[in-house]
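Participant: First the structure, then my questions, so here it is.
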Amino acid sequence: MNADWLPALILLLPLAGALLSVPRQDFAPYVSLVAALGTLALSIVAALWVTANGTLHGGPIFALDPLGALYLLPVSFVYCTSSLYAIGYLWARRQEQRENESPPRYRQYFPLMNVFALVILAVPLLANLALMWIAIELTTVFSAFLVAYEDRAEALEAAWKYVALTSMGAMIALLGVLLLYYATHAAGTPPTWAGLLAAAPRIPGPLLLLAFVLWLIGFGAKAGLVPMHTWLPDAHSQAPASVCAVLSGVETSAALYMILRLFPILASNPQIHDPAAWYLVLGLITVGSAAFLLLQVHDFKRMFAYSTIEHMGIILTACGLGAAAHESGTVYQLFAHGFTKSLCFFAAGLAGIVFGTQEIAKVRGLISRAPLVGWALVLGTLAIAGAPPFALFLSEFEILRSGYGSGQYLATGLLTLFIALAFIALTYQSTRIAFGKPEDTVRGPAIRLPRSSLLALIIAFVPVFLFGFYLPPPLTHLVQEAAHMLELTK
């Protein structure tokens, strides 16, 4: 079966959705949803093809391997559920803010969201390193307008901060990309992941290490790694929940995906000793910082933003811990995080509509006011904290098992401590929100929540729960093949 056309078609659908969303505001939400559904269907087909046949080559521009296919699935799923969620959620927010002097940019939302999804989808589909860098930089360009969607001073400030920090990171990452371009050219291989891996043993160790450090700082700023994380909680607290689901669930993972892909390159170079240490140290710093920040958070959208920082650190640490063994915790954590974090932000967005505030101190008794939203928030928080029987429990258990099993007791012990601290903070705050006694000052229960958003909430919950105890055989094989790509090769 020839599937060369799949990568291009996957990208054409959100582009068509963006173009068709411009002329008619009333049809834009539904056009976007159709484009997102088609993208999800084609992404599943592409992942199945990769599972059965190996890397999918779509001409000189596109290439999709098992690790890329595993990342593509949550991106397309979150794009789809976010499109459904936004239909009612944005309208409810628009009605709520009619008296504002600066109304939300409703007309621009759907074209921007479709193009934003397009450039994230392009990251695992593109073959050329420079094109991947361009795609990741374009995610900042298009998502910045979405962060500032509500046109308030706080949202504009968060958007500018996001642009400034991540664009500076992108310039640093570009230097790393250029060094790797030079290295592959000198070795006579193409500037692709496969070409870079083939050239890795012949690249001078200092050159490769310098490229990695630039890559780590540059893409680390985009992924929200500490200390380059400060934009992330501000942007997530101000952007609409449908945007946060994509930003937090899959956009930050795109930059981390680039960092992970460089690990086997480093491991293949005989002049670089113990590349896992870089991942372990920065990962543990990020997880630990996020865990302590979660203990003092006052805004429930910022709470989930700090949780994203925590999970980026967990994935980075897991890559270092699992370097010496063929284990799937790293890639499964990357895969499951996208589904789980989107569920959390969907619930948080509806909770904000119910209470008219994001301040944790003013939000109590959510289950009594909106039972479906309340239980979704509780279950989503438990899932993102790594509780059984949800998907992230499996990956975190595998990560810790691999760490202790390989004798890395100090690093694994610190990771266990930080995960436990984050678990306590997240569950404490979510139970206060859901079961606490309502304040007299908060808005009453006369809020009609949008049906499309509630449906998206239910759909988003399905993979979070299902993948906690069952993986279809093709997906299991894809996870194993993706994990093999990060295995230590020396």
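To be explicit about the labels: the chains of the structure tokens are called A, B, and onward in the order shown, and within each one the residues are counted from 1, while ligands get numbers from 1 in the order they are shown.
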Contacts between range 169-176 of chain A and range 41-154 of chain A, please, where a residue of range 41-154 of chain A counts if it comes within 12 Å (with only C-alpha atoms); show its shortest atom pair and distance in Å to one decimal, rows by chain and ascending number, as CSV.
Facilitator:
residue,atom,partner,partner_atom,distance
A:Leu129,CA,A:Leu174,CA,9.9
A:Ala130,CA,A:Leu174,CA,8.2
A:Leu131,CA,A:Leu174,CA,11.0
A:Met132,CA,A:Leu174,CA,10.6
A:Trp133,CA,A:Leu174,CA,7.2
A:Ile134,CA,A:Ala170,CA,9.1
A:Ala135,CA,A:Ala170,CA,10.9
A:Ile136,CA,A:Ala170,CA,8.3
A:Glu137,CA,A:Ala170,CA,6.4
A:Leu138,CA,A:Ala170,CA,10.2
A:Thr139,CA,A:Ala170,CA,11.0
A:Thr140,CA,A:Ala170,CA,9.6
A:Val141,CA,A:Ala170,CA,11.5
Participant: Using only C-alpha atoms, which protein or nucleic acid residues come within 9 Å of Gly224 in chain A? Drop anything in the same chain fewer than 3 positions from it, and give the result as a PDB file with N, CA and C atoms, in the first residue's frame.
Facilitator:
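selection_31.pdb was written with the following content:
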ATOM      1  N   PHE A 219      15.113  24.954  22.854  1.00  0.00           N
ATOM      2  CA  PHE A 219      13.848  24.224  22.895  1.00  0.00           C
ATOM      3  C   PHE A 219      13.351  24.042  24.326  1.00  0.00           C
ATOM      4  N   GLY A 220      14.276  24.075  25.294  1.00  0.00           N
ATOM      5  CA  GLY A 220      13.861  23.995  26.693  1.00  0.00           C
ATOM      6  C   GLY A 220      13.012  25.180  27.110  1.00  0.00           C
ATOM      7  N   ALA A 221      13.299  26.371  26.549  1.00  0.00           N
ATOM      8  CA  ALA A 221      12.464  27.541  26.832  1.00  0.00           C
ATOM      9  C   ALA A 221      11.051  27.319  26.316  1.00  0.00           C
ATOM     10  N   PRO A 227      15.215  26.884  34.235  1.00  0.00           N
ATOM     11  CA  PRO A 227      14.590  28.155  34.654  1.00  0.00           C
ATOM     12  C   PRO A 227      13.976  28.952  33.519  1.00  0.00           C
ATOM     13  N   MET A 228      13.664  28.333  32.378  1.00  0.00           N
ATOM     14  CA  MET A 228      13.105  29.075  31.238  1.00  0.00           C
ATOM     15  C   MET A 228      11.589  28.959  31.196  1.00  0.00           C
ATOM     16  N   HIS A 229      10.959  28.707  32.319  1.00  0.00           N
ATOM     17  CA  HIS A 229       9.544  28.334  32.372  1.00  0.00           C
ATOM     18  C   HIS A 229       8.587  29.480  32.651  1.00  0.00           C
ATOM     19  N   THR A 230       9.074  30.680  32.934  1.00  0.00           N
ATOM     20  CA  THR A 230       8.229  31.703  33.557  1.00  0.00           C
ATOM     21  C   THR A 230       7.058  32.167  32.695  1.00  0.00           C
ATOM     22  N   TRP A 231       7.177  32.009  31.364  1.00  0.00           N
ATOM     23  CA  TRP A 231       6.079  32.404  30.494  1.00  0.00           C
ATOM     24  C   TRP A 231       4.878  31.476  30.627  1.00  0.00           C
ATOM     25  N   LEU A 232       5.130  30.225  30.963  1.00  0.00           N
ATOM     26  CA  LEU A 232       4.106  29.185  30.831  1.00  0.00           C
ATOM     27  C   LEU A 232       2.902  29.389  31.762  1.00  0.00           C
ATOM     28  N   THR A 252       3.878  22.270  24.115  1.00  0.00           N
ATOM     29  CA  THR A 252       5.114  22.182  24.891  1.00  0.00           C
ATOM     30  C   THR A 252       5.832  20.858  24.617  1.00  0.00           C
ATOM     31  N   THR A 286      13.644  20.613  37.055  1.00  0.00           N
ATOM     32  CA  THR A 286      12.327  21.046  36.579  1.00  0.00           C
ATOM     33  C   THR A 286      11.205  20.408  37.402  1.00  0.00           C
ATOM     34  N   THR A 308       2.122  20.931  34.057  1.00  0.00           N
ATOM     35  CA  THR A 308       2.766  20.703  32.763  1.00  0.00           C
ATOM     36  C   THR A 308       4.279  20.788  32.879  1.00  0.00           C
ATOM     37  N   ILE A 309       4.763  21.797  33.606  1.00  0.00           N
ATOM     38  CA  ILE A 309       6.209  21.920  33.834  1.00  0.00           C
ATOM     39  C   ILE A 309       6.732  20.663  34.524  1.00  0.00           C
ATOM     40  N   MET A 312       6.957  17.807  31.975  1.00  0.00           N
ATOM     41  CA  MET A 312       8.096  17.957  31.058  1.00  0.00           C
ATOM     42  C   MET A 312       9.378  17.484  31.751  1.00  0.00           C
ATOM     43  N   GLY A 313       9.505  17.821  33.041  1.00  0.00           N
ATOM     44  CA  GLY A 313      10.666  17.360  33.805  1.00  0.00           C
ATOM     45  C   GLY A 313      10.676  15.855  34.005  1.00  0.00           C
TER      46      GLY A 313
END
Participant: Which of these residues is nearest to Ala291 in chain A, using only C-alpha atoms: A:Thr81, A:Thr416, A:Ser237, A:Ser143?
Facilitator: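 For Ala291 in chain A, the nearest of the given residues is A:Thr416.
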Participant: Can you pull out every residue within 10 Å of Gly380 in chain A, counting only C-alpha atoms, but drop anything in the same chain fewer than 5 positions away, and send it as a list in words?
Facilitator: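 Surrounding residues, per the criterion: Thr340, Lys341, Ser342, Leu343, Cys344, Phe345, Phe346, Ala347, Ala348, Gly374, Trp375, Ala385, Gly386, Ala387, Phe390, Ser430, Ala460, Phe461, Val464 and Phe465 of chain A.
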Participant: Pick out the closest residue to Ile353 in chain A from this set: A:Ala456, A:Leu295, A:Ala155, A:Leu90. Count only C-alpha atoms.
Facilitator: A:Leu90
Participant: As a PyMOL selection string, please: every residue in range 70-304 of chain A that a backbone DSSP assignment puts in helix (DSSP H, G or I).
Facilitator: chain A and resi 70-96+106-125+129-147+153-187+193-202+205-223+231-238+241-261+263-267+276-294+300-304
Participant: List as a list in words the protein and nucleic acid residues near range 328-334 of chain A, meaning an atom at most 8 Å away when only C-alpha atoms are counted, but skip any in the same chain fewer than 6 places from it.
Facilitator: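 So the residues in contact are Leu67, Leu70, Tyr71, Ser253, Ile315, Leu316, Ala318, Cys319, Gly322, Leu392, Leu394, Ser395, Glu396, Phe397, Glu398, Ile399, Val479, Gln480, Ala482 and Ala483 of chain A.
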Participant: Nearest to Gly352 in chain A: which of A:Val287, A:Ala200, A:Ala153, A:Ile433 is it, counting only C-alpha atoms?
Facilitator: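 For Gly352 in chain A, the nearest of the given residues is A:Ile433.
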Participant: Would you please work out which residue, of A:Thr476, A:Ser452, A:Leu486, A:His311, is nearest to Phe423 in chain A when using only C-alpha atoms?
Facilitator: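 The shortest atom-to-atom distance to Phe423 in chain A comes from A:His311.
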Participant: Would you work out the distance separating CA of Leu13 in chain A from CA of Ala35 in chain A, expressed in Å to one decimal?
Facilitator: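 Interatomic distance, CA of Leu13 in chain A to CA of Ala35 in chain A: 5.3 Å.
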